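Visitor: Sending over data37.pdb (PDB, C-alpha atoms).
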```
MODEL        1
ATOM      1  CA  MET A   1     106.755  81.288-141.874
ATOM      2  CA  ALA A   2     103.928  80.728-139.366
ATOM      3  CA  ASP A   3     104.897  81.200-135.719
ATOM      4  CA  ASP A   4     103.522  79.936-132.425
ATOM      5  CA  SER A   5     101.054  82.812-131.975
ATOM      6  CA  PHE A   6      99.557  82.092-135.407
ATOM      7  CA  LEU A   7      99.224  78.381-134.704
ATOM      8  CA  SER A   8      97.699  78.931-131.274
ATOM      9  CA  SER A   9      95.128  81.293-132.796
ATOM     10  CA  MET A  10      93.772  78.603-135.083
ATOM     11  CA  THR A  11      91.053  76.084-134.226
ATOM     12  CA  PHE A  12      93.258  73.034-134.756
ATOM     13  CA  ALA A  13      96.181  74.104-132.563
ATOM     14  CA  THR A  14      96.534  73.565-128.836
ATOM     15  CA  HIS A  15      98.739  75.722-126.627
ATOM     16  CA  ASP A  16     100.704  72.748-125.311
ATOM     17  CA  PHE A  17     102.293  70.841-128.170
ATOM     18  CA  ARG A  18     104.535  67.807-128.034
ATOM     19  CA  ALA A  19     107.814  67.317-129.837
ATOM     20  CA  ASP A  20     106.300  65.646-132.884
ATOM     21  CA  SER A  21     102.724  66.832-133.236
ATOM     22  CA  ILE A  22      99.982  69.240-132.267
ATOM     23  CA  SER A  23      96.748  67.616-131.121
ATOM     24  CA  CYS A  24      93.780  68.656-133.181
ATOM     25  CA  ASP A  25      90.982  70.536-131.387
ATOM     26  CA  CYS A  26      88.952  71.026-134.536
ATOM     27  CA  ASP A  27      85.309  70.004-134.171
ATOM     28  CA  GLU A  28      84.884  69.736-137.902
ATOM     29  CA  CYS A  29      87.692  67.401-138.981
ATOM     30  CA  GLY A  30      88.672  65.409-135.879
ATOM     31  CA  VAL A  31      92.158  64.533-137.138
ATOM     32  CA  ASN A  32      95.669  65.005-135.742
ATOM     33  CA  ILE A  33      98.118  67.490-137.192
ATOM     34  CA  HIS A  34     101.713  66.202-137.434
ATOM     35  CA  ILE A  35     104.406  68.833-137.893
ATOM     36  CA  PRO A  36     107.558  67.855-139.812
ATOM     37  CA  PRO A  37     110.706  68.230-137.634
ATOM     38  CA  PRO A  38     112.227  71.063-139.764
ATOM     39  CA  ILE A  39     109.068  73.168-139.391
ATOM     40  CA  LEU A  40     108.828  72.422-135.665
ATOM     41  CA  ALA A  41     112.482  73.446-135.227
ATOM     42  CA  ALA A  42     111.813  76.719-137.076
ATOM     43  CA  LEU A  43     108.787  77.443-134.867
ATOM     44  CA  ARG A  44     110.795  76.854-131.687
ATOM     45  CA  GLU A  45     113.596  79.090-132.924
ATOM     46  CA  ARG A  46     111.077  81.814-133.724
ATOM     47  CA  LYS A  47     109.578  81.503-130.241
ATOM     48  CA  ARG A  48     113.060  81.695-128.669
ATOM     49  CA  GLN A  49     113.796  84.883-130.605
ATOM     50  CA  LYS A  50     110.508  86.478-129.540
ATOM     51  CA  LEU A  51     111.220  85.677-125.881
ATOM     52  CA  GLU A  52     114.614  87.356-126.167
ATOM     53  CA  GLN A  53     113.060  90.452-127.739
ATOM     54  CA  GLY A  54     110.665  90.992-124.849
ATOM     55  CA  PRO A  55     107.283  89.946-123.456
ATOM     56  CA  ILE A  56     104.901  88.218-125.835
ATOM     57  CA  LYS A  57     101.563  90.008-126.130
ATOM     58  CA  ARG A  58      98.918  88.336-124.020
ATOM     59  CA  THR A  59      96.619  85.910-125.794
ATOM     60  CA  GLN A  60      93.276  84.308-125.124
ATOM     61  CA  VAL A  61      93.185  80.727-123.857
ATOM     62  CA  ARG A  62      90.739  78.043-124.921
ATOM     63  CA  ASN A  63      90.322  74.628-123.256
ATOM     64  CA  LEU A  64      88.037  71.754-124.176
ATOM     65  CA  ILE A  65      85.807  70.793-121.229
ATOM     66  CA  GLU A  66      83.904  67.930-122.798
ATOM     67  CA  ARG A  67      82.847  66.566-126.167
ATOM     68  CA  GLY A  68      79.706  64.450-126.116
ATOM     69  CA  PRO A  69      78.700  61.487-128.278
ATOM     70  CA  ASP A  70      76.188  63.802-129.971
ATOM     71  CA  SER A  71      79.105  65.873-131.413
ATOM     72  CA  VAL A  72      78.340  68.851-129.156
ATOM     73  CA  ALA A  73      81.587  70.230-127.705
ATOM     74  CA  VAL A  74      81.817  72.570-124.694
ATOM     75  CA  TRP A  75      84.802  74.906-124.384
ATOM     76  CA  SER A  76      86.065  77.323-121.758
ATOM     77  CA  TRP A  77      87.514  80.590-123.092
ATOM     78  CA  ILE A  78      89.559  83.020-120.989
ATOM     79  CA  LEU A  79      89.825  86.483-122.535
ATOM     80  CA  PRO A  80      92.292  88.899-120.868
ATOM     81  CA  GLN A  81      91.670  92.562-121.614
ATOM     82  CA  ASP A  82      93.154  93.714-124.929
ATOM     83  CA  ALA A  83      94.460  90.213-125.732
ATOM     84  CA  GLU A  84      94.869  89.028-129.296
ATOM     85  CA  PRO A  85      91.764  87.080-130.316
ATOM     86  CA  LEU A  86      91.604  83.380-130.989
ATOM     87  CA  VAL A  87      90.132  82.869-134.441
ATOM     88  CA  GLU A  88      87.949  79.937-135.419
ATOM     89  CA  PHE A  89      85.676  79.242-138.361
ATOM     90  CA  GLY A  90      81.923  79.332-137.888
ATOM     91  CA  SER A  91      80.929  76.003-139.409
ATOM     92  CA  SER A  92      78.897  75.184-136.275
ATOM     93  CA  HIS A  93      76.319  77.108-134.280
ATOM     94  CA  ARG A  94      77.694  78.467-130.996
ATOM     95  CA  ILE A  95      75.806  78.961-127.761
ATOM     96  CA  VAL A  96      77.763  81.365-125.561
ATOM     97  CA  TRP A  97      77.339  81.611-121.795
ATOM     98  CA  VAL A  98      79.067  84.691-120.359
ATOM     99  CA  GLN A  99      80.389  83.435-117.022
ATOM    100  CA  ARG A 100      82.418  86.515-116.133
ATOM    101  CA  LEU A 101      82.526  90.021-117.598
ATOM    102  CA  PRO A 102      83.969  92.963-115.615
ATOM    103  CA  GLN A 103      81.576  95.891-115.280
ATOM    104  CA  SER A 104      84.040  98.215-117.017
ATOM    105  CA  SER A 105      84.451  95.912-120.023
ATOM    106  CA  THR A 106      82.885  95.435-123.402
ATOM    107  CA  MET A 107      83.028  92.598-125.920
ATOM    108  CA  ARG A 108      83.444  93.057-129.645
ATOM    109  CA  SER A 109      83.408  90.555-132.493
ATOM    110  CA  ILE A 110      86.341  90.486-134.884
ATOM    111  CA  GLY A 111      85.935  92.402-138.128
ATOM    112  CA  LYS A 112      86.609  91.553-141.740
ATOM    113  CA  GLY A 113      90.166  91.262-143.026
ATOM    114  CA  ILE A 114      93.523  90.442-141.452
ATOM    115  CA  ILE A 115      93.351  90.511-137.650
ATOM    116  CA  GLY A 116      94.873  93.740-136.370
ATOM    117  CA  SER A 117      94.654  95.539-139.703
ATOM    118  CA  SER A 118      93.002  98.935-139.953
ATOM    119  CA  ASP A 119      90.055  97.546-141.937
ATOM    120  CA  GLU A 120      89.509  94.714-139.473
ATOM    121  CA  GLU A 121      89.575  96.986-136.420
ATOM    122  CA  LYS A 122      87.174  99.473-138.028
ATOM    123  CA  SER A 123      84.655  96.739-138.842
ATOM    124  CA  ARG A 124      84.520  95.213-135.361
ATOM    125  CA  LYS A 125      81.036  95.143-133.850
ATOM    126  CA  GLY A 126      80.007  95.498-130.218
ATOM    127  CA  MET A 127      78.298  92.544-128.544
ATOM    128  CA  ASP A 128      75.417  93.429-126.238
ATOM    129  CA  TRP A 129      76.478  90.788-123.724
ATOM    130  CA  GLU A 130      76.076  90.797-119.958
ATOM    131  CA  GLU A 131      77.512  88.549-117.270
ATOM    132  CA  GLY A 132      75.255  85.534-116.802
ATOM    133  CA  GLY A 133      73.666  85.901-120.222
ATOM    134  CA  VAL A 134      73.334  83.096-122.788
ATOM    135  CA  TYR A 135      73.517  83.983-126.484
ATOM    136  CA  LEU A 136      73.208  82.183-129.803
ATOM    137  CA  ILE A 137      75.853  82.793-132.484
ATOM    138  CA  PRO A 138      74.498  81.124-135.652
ATOM    139  CA  SER A 139      76.891  79.498-138.079
ATOM    140  CA  ASN A 140      78.232  81.979-140.612
ATOM    141  CA  GLY A 141      78.999  79.316-143.185
ATOM    142  CA  GLY A 142      82.620  78.771-142.202
ATOM    143  CA  LYS A 143      83.878  82.372-142.056
ATOM    144  CA  ALA A 144      86.192  83.565-139.288
ATOM    145  CA  VAL A 145      84.676  84.158-135.857
ATOM    146  CA  GLY A 146      86.206  85.474-132.635
ATOM    147  CA  TRP A 147      85.775  88.031-129.862
ATOM    148  CA  ILE A 148      87.880  90.695-128.179
ATOM    149  CA  HIS A 149      87.605  91.823-124.552
ATOM    150  CA  LEU A 150      88.193  95.575-124.229
ATOM    151  CA  THR A 151      88.037  98.189-121.483
ATOM    152  CA  ASP A 152      85.129 100.605-121.779
ATOM    153  CA  SER A 153      85.984 103.804-119.908
ATOM    154  CA  SER A 154      82.348 104.926-120.008
ATOM    155  CA  LYS A 155      81.439 102.045-117.687
ATOM    156  CA  GLY A 156      84.013 102.890-115.029
ATOM    157  CA  ASP A 157      82.976 103.204-111.372
ATOM    158  CA  ASP A 158      85.162 104.663-108.636
ATOM    159  CA  ASP A 159      83.175 103.025-105.860
ATOM    160  CA  ASP A 160      85.537 100.785-103.851
ATOM    161  CA  SER A 161      82.883  98.066-103.616
ATOM    162  CA  SER A 162      82.858  97.679-107.396
ATOM    163  CA  LYS A 163      86.592  97.824-108.108
ATOM    164  CA  LYS A 164      87.003  94.059-107.927
ATOM    165  CA  LYS A 165      84.282  93.543-110.538
ATOM    166  CA  ASN A 166      85.783  96.179-112.798
ATOM    167  CA  VAL A 167      89.094  94.401-113.426
ATOM    168  CA  GLY A 168      90.390  91.118-114.732
ATOM    169  CA  HIS A 169      89.579  88.763-117.557
ATOM    170  CA  ALA A 170      86.318  87.746-119.188
ATOM    171  CA  GLU A 171      85.320  84.096-119.209
ATOM    172  CA  LEU A 172      83.010  82.331-121.640
ATOM    173  CA  ARG A 173      81.591  78.818-121.908
ATOM    174  CA  ILE A 174      80.913  78.016-125.535
ATOM    175  CA  ALA A 175      78.964  75.025-126.811
ATOM    176  CA  LYS A 176      79.624  74.233-130.468
ATOM    177  CA  VAL A 177      76.547  72.589-131.916
ATOM    178  CA  PRO A 178      76.436  70.859-135.344
ATOM    179  CA  LEU A 179      74.129  72.477-137.878
ATOM    180  CA  GLU A 180      71.860  69.442-138.204
ATOM    181  CA  ARG A 181      71.146  69.355-134.452
ATOM    182  CA  LEU A 182      69.555  72.821-134.463
ATOM    183  CA  LYS A 183      67.975  72.567-137.887
ATOM    184  CA  ASP A 184      64.335  72.710-136.728
ATOM    185  CA  VAL A 185      64.780  74.598-133.456
ATOM    186  CA  GLN A 186      62.964  77.878-132.844
ATOM    187  CA  PHE A 187      65.738  80.147-131.519
ATOM    188  CA  ASP A 188      63.335  82.630-129.928
ATOM    189  CA  ASN A 189      62.626  80.015-127.249
ATOM    190  CA  ASP A 190      64.948  79.120-124.357
ATOM    191  CA  ILE A 191      68.371  78.659-125.959
ATOM    192  CA  LYS A 192      69.522  76.254-123.243
ATOM    193  CA  SER A 193      66.763  73.831-124.219
ATOM    194  CA  CYS A 194      68.564  73.307-127.516
ATOM    195  CA  LEU A 195      71.441  71.572-125.739
ATOM    196  CA  PRO A 196      71.641  67.915-124.663
ATOM    197  CA  PRO A 197      71.049  67.258-120.911
ATOM    198  CA  TRP A 198      74.710  66.462-120.137
ATOM    199  CA  VAL A 199      75.755  70.032-120.981
ATOM    200  CA  SER A 200      73.755  71.489-118.058
ATOM    201  CA  THR A 201      75.802  69.398-115.600
ATOM    202  CA  ILE A 202      79.097  71.055-116.573
TER
ENDMDL
END
```
So, in terms of C-alpha cells, how does the structure I just supplied come out?
Guide:
Amino acid sequence: MADDSFLSSMTFATHDFRADSISCDCDECGVNIHIPPPILAALRERKRQKLEQGPIKRTQVRNLIERGPDSVAVWSWILPQDAEPLVEFGSSHRIVWVQRLPQSSTMRSIGKGIIGSSDEEKSRKGMDWEEGGVYLIPSNGGKAVGWIHLTDSSKGDDDDSSKKKNVGHAELRIAKVPLERLKDVQFDNDIKSCLPPWVSTI
C-alpha cells in the first residue's frame, strides 16, 4: 500500500490534499487525480501510525510558482540537508537556477534503482553546481530524475563569518521546458535566453 511519503514524492501529488482528491502537478498530463475514499482512509491511517511511531524523516518541498501559456512551468524546490528526494520523470528539459547552496554542501543526482537502496546510493553522481549558477538538465526520455542535498565535510569552514552560509537548506528554481521549445536551441549559448521573457520577471 502506497503511503503519504510515496505520493508526495511523485510528480502528480501535492503536499496539501483535500478530502476527495489530490490536485495534479504533472506538466505532462494536466489532469486531476481522484482518490477513492477507501484508499484515502488507508493513507490517513498509515500517516497517523507513522506520527505515533516518531518523527517523519524530513522531505523536500516543491511549489509551483507559475505556468505560462507556452507550457513552460517554473517551480521552487526547497531541499533540506539529507532529506528524501522528490522524484519526477524527465520528459521535459529542465533549466535549474541554484538560488541558495550552503558552502559546506554538495548536490548529487539520484542513482539507478529503488530510492534508498544500496545500488541507487552507489550510483548517485555529484553535481558541479554553485550558488547563483544556471544549469541545463536535458530530458532523459522520461526516466526518474531528482537531487539530494548533502553535507560535504571537506568544504567546512570554522570562520564565524561563514557559519551562516554553511548551514540550512538548498533552494532551486526549476523551469520545465517542453522538448519542442528547445528543439533547435544551441545549449552552449546563454541558457537563460532559451526561456520566454515572463520567466525572468519571477
Visitor: Can you spell out as a VMD selection string the set of residues that the PyMOL selection byres ((chain A and resi 134-151) around 9) selects in the structure I just provided?
Guide: chain A and resid 60 79 to 98 101 to 102 104 to 112 127 129 to 133 152 to 156 167 169 to 170 179 187 191 to 192
Visitor: What separation in Å, quoted to one decimal, exists between atom CA of Arg46 of chain A and atom CA of Ile114 of chain A?
Guide: 21.0 Å
Visitor: How many Å separate atom CA of Glu171 of chain A from atom CA of Val74 of chain A?
Guide: 13.2 Å
Visitor: Rounded to one decimal place, report the atom CA of Lys176 of chain A-atom CA of Glu121 of chain A distance in Å.
Guide: 25.5 Å
Visitor: Which residue gives the smallest distance to Arg173 of chain A among A:Arg124, A:Arg100, A:Trp77, A:Asp119, with all atoms listed in the file counted?
Guide: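 Smallest separation from Arg173 of chain A among the options: A:Trp77.
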Visitor: Rank A:Val61, A:Val72, A:Ile115, A:Leu43 by their smallest atom-to-atom distance to Val177 of chain A, using all atoms listed in the file, and report the top residue only.
Guide: A:Val72
